[in-house]
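Student: This is the structure, below, for whatever I ask next.
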Amino acid sequence: GNSVTQMEGPVTLSEEAFLTINCTYTATGYPSLFWYVQYPGEGLQLLLKATKADDKGSNKGFEATYRKETTSFHLEKGSVQVSDSAVYFCALSDAGGTSYGKLTFGQGTILTVHP
Amino acid sequence: DAGVTQSPTHLIKTRGQQVTLRCSPKSGHDTVSWYQQALGQGPQFIFQYYEEEERQRGNFPDRFSGHQFPNYSSELNVNALLLGDSALYLCASSRQGTQETQYFGPGTRLLVL
């Protein structure tokens, strides 16, 4: 079955540091890939997505590239802010990005950014 | 434009009781999915409703059931609650036949004592 593996956390950085959160996946077919963010006490917000190989998703300074050859979708940001502190989830959709595809999530990575 | 809404926000039940959680999808959305998020874990897919029928189901027992109404809102019912059912229950909505992503509500936090 489908699965998503995220790097072990938590991750603690100083403001303006470079961020990488690793994500690899196992899936049949050609899934769509997502990064969601969860702030304390809230639900999930879509951060970015990519629907096919070599696509780059980007939003709010965050980027991730769909790498089919390495089955990876690593999240990066060049300069983190304190407000980026949250839990980040990598996920895949098993229906090629169509809206009926269930999402399979990784275990989440806690990011804490200090001033 | 209201996003996905869920009620109640918090709930405390005892073992063996039954609970009903409610979800209203984002305007224009017709598909509702439910997820369970245990503390410190990623969300796990419970099931999805479209056209008032359960279309997909994850690896959850029959104690978990649902319903979708003609206005696309949905309910999640859990019978015979166990301590392990304590979690954040997330509802997500989407629109069938589009590439649109699922939008999540704020969740209902259920504590079973």
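Ordered as shown in the structure tokens, chains take letters A, B, and onward, while each chain numbers its residues from 1 and ligands are numbered from 1 in the order shown.
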Report as a tab-separated table the residues of chain A within 12 Å of chain B, each with its shortest atom pair and distance in Å (one decimal), using only C-alpha atoms, ordered by chain and increasing residue number.

Tutor:
residue	atom	partner	partner_atom	distance
A:Gly1	CA	B:Gly58	CA	11.7
A:Ser3	CA	B:Gln44	CA	11.3
A:Val4	CA	B:Gly42	CA	10.0
A:Thr5	CA	B:Gly42	CA	10.6
A:Gln6	CA	B:Gly42	CA	10.4
A:Gly9	CA	B:Gly40	CA	11.1
A:Pro10	CA	B:Gly40	CA	11.1
A:Ser32	CA	B:Thr101	CA	10.0
A:Leu33	CA	B:Thr101	CA	10.6
A:Phe34	CA	B:Thr101	CA	9.2
A:Trp35	CA	B:Thr101	CA	11.4
A:Tyr36	CA	B:Phe104	CA	10.0
A:Val37	CA	B:Phe104	CA	11.0
A:Gln38	CA	B:Pro106	CA	9.7
A:Tyr39	CA	B:Pro106	CA	10.3
A:Pro40	CA	B:Pro106	CA	10.7
A:Gly41	CA	B:Pro106	CA	8.0
A:Glu42	CA	B:Pro106	CA	5.2
A:Gly43	CA	B:Pro106	CA	4.0
A:Leu44	CA	B:Phe104	CA	5.7
A:Gln45	CA	B:Phe104	CA	6.8
A:Leu46	CA	B:Tyr103	CA	7.4
A:Leu47	CA	B:Thr101	CA	10.9
A:Leu48	CA	B:Thr101	CA	10.0
A:Lys49	CA	B:Thr101	CA	8.7
A:Ala50	CA	B:Thr101	CA	10.8
A:Thr51	CA	B:Gln99	CA	9.1
A:Val87	CA	B:Gly40	CA	9.6
A:Tyr88	CA	B:Gly42	CA	9.5
A:Phe89	CA	B:Gly42	CA	7.1
A:Cys90	CA	B:Gly42	CA	9.1
A:Ala91	CA	B:Gly42	CA	9.2
A:Leu92	CA	B:Thr101	CA	11.2
A:Ser93	CA	B:Thr101	CA	9.6
A:Asp94	CA	B:Gln56	CA	11.6
A:Ala95	CA	B:Gln99	CA	10.2
A:Gly96	CA	B:Gln99	CA	8.9
A:Gly97	CA	B:Gln99	CA	5.8
A:Thr98	CA	B:Gln99	CA	4.9
A:Ser99	CA	B:Gln96	CA	5.5
A:Tyr100	CA	B:Gln96	CA	6.4
A:Gly101	CA	B:Gln56	CA	8.9
A:Lys102	CA	B:Phe45	CA	6.8
A:Leu103	CA	B:Phe45	CA	6.9
A:Thr104	CA	B:Gln44	CA	7.1
A:Phe105	CA	B:Gly42	CA	5.6
A:Gly106	CA	B:Gly42	CA	5.7
A:Gln107	CA	B:Gly42	CA	4.4
A:Gly108	CA	B:Gly42	CA	5.8
A:Thr109	CA	B:Gly40	CA	9.4
A:Ile110	CA	B:Gly40	CA	9.4

Student: Extract, using only C-alpha atoms, all DNA, RNA and protein residues at most 7 Å from range 76-87 of chain B, discarding same-chain residues fewer than 3 positions from it, and format them as a PDB file with C-alpha atoms, in the first residue's frame.

Tutor:
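File part28.pdb, as written:
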ATOM      1  CA  ARG B  15     -15.980   4.370  27.360  1.00  0.00           C
ATOM      2  CA  GLY B  16     -18.912   2.604  25.749  1.00  0.00           C
ATOM      3  CA  GLN B  17     -20.759   5.777  24.838  1.00  0.00           C
ATOM      4  CA  GLN B  18     -21.608   6.921  21.344  1.00  0.00           C
ATOM      5  CA  VAL B  19     -20.622  10.207  19.704  1.00  0.00           C
ATOM      6  CA  THR B  20     -21.681  12.192  16.636  1.00  0.00           C
ATOM      7  CA  LEU B  21     -19.431  14.768  15.007  1.00  0.00           C
ATOM      8  CA  ARG B  22     -20.599  17.184  12.330  1.00  0.00           C
ATOM      9  CA  GLN B  36      -8.488  10.625  12.679  1.00  0.00           C
ATOM     10  CA  GLN B  37      -5.348  12.238  14.068  1.00  0.00           C
ATOM     11  CA  ALA B  38      -3.981  10.680  17.235  1.00  0.00           C
ATOM     12  CA  LEU B  39      -1.664  12.785  19.362  1.00  0.00           C
ATOM     13  CA  ARG B  63     -18.008   1.149  14.980  1.00  0.00           C
ATOM     14  CA  PHE B  64     -17.131   4.118  12.772  1.00  0.00           C
ATOM     15  CA  SER B  65     -19.986   5.086  10.487  1.00  0.00           C
ATOM     16  CA  GLY B  66     -21.082   8.171   8.676  1.00  0.00           C
ATOM     17  CA  HIS B  67     -23.714   9.938   6.730  1.00  0.00           C
ATOM     18  CA  ARG B 109     -10.996  17.017  19.705  1.00  0.00           C
ATOM     19  CA  LEU B 110     -12.529  13.941  21.353  1.00  0.00           C
ATOM     20  CA  LEU B 111     -11.405  12.707  24.739  1.00  0.00           C
ATOM     21  CA  VAL B 112     -12.643   9.315  25.917  1.00  0.00           C
ATOM     22  CA  LEU B 113     -12.316   8.652  29.646  1.00  0.00           C
TER      23      LEU B 113
END

Student: Residues near Ser72 in chain A, anyone? I mean within 7 Å using only C-alpha atoms, not counting same-chain ones fewer than 4 positions away, as a PyMOL selection string.

Tutor: chain A and resi 23-25+66-68

Student: With N, CA, C and O atoms kept, could you save the residues just selected as a short mmCIF file (atom, residue, chain, number, x, y, z; two decimals), in the first residue's frame?

Tutor:
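Wrote result27.cif, looks like this:
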data_model
loop_
_atom_site.label_atom_id
_atom_site.label_comp_id
_atom_site.auth_asym_id
_atom_site.auth_seq_id
_atom_site.Cartn_x
_atom_site.Cartn_y
_atom_site.Cartn_z
N CYS A 23 11.16 14.03 2.86
CA CYS A 23 9.96 13.22 2.69
C CYS A 23 10.18 12.25 1.54
O CYS A 23 10.56 12.66 0.45
N THR A 24 9.95 10.97 1.79
CA THR A 24 9.99 9.96 0.73
C THR A 24 8.67 9.20 0.75
O THR A 24 7.98 9.16 1.78
N TYR A 25 8.32 8.61 -0.36
CA TYR A 25 7.03 7.95 -0.45
C TYR A 25 7.12 6.62 -1.18
O TYR A 25 8.08 6.36 -1.93
N TYR A 66 8.91 17.41 -6.96
CA TYR A 66 8.47 16.02 -7.10
C TYR A 66 9.55 15.25 -7.85
O TYR A 66 9.73 15.42 -9.06
N ARG A 67 10.27 14.39 -7.15
CA ARG A 67 11.36 13.61 -7.74
C ARG A 67 10.93 12.15 -7.82
O ARG A 67 10.97 11.41 -6.84
N LYS A 68 10.53 11.74 -9.01
CA LYS A 68 10.04 10.36 -9.20
C LYS A 68 11.18 9.36 -9.07
O LYS A 68 11.00 8.26 -8.54
#

Student: For the atom pair CA of Glu63 in chain A and CA of Leu75 in chain A, what is the interatomic distance in Å to one decimal place?

Tutor: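 CA of Leu75 in chain A lies 5.8 Å from CA of Glu63 in chain A.
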
Student: Residues of chain B classed as strand (DSSP E or B) by DSSP on the backbone are to be reported as number ranges by chain.

Tutor: B: 5-7, 10-13, 19-24, 31-37, 44-50, 53-57, 64-68, 74-78, 87-94, 103-104, 108-112
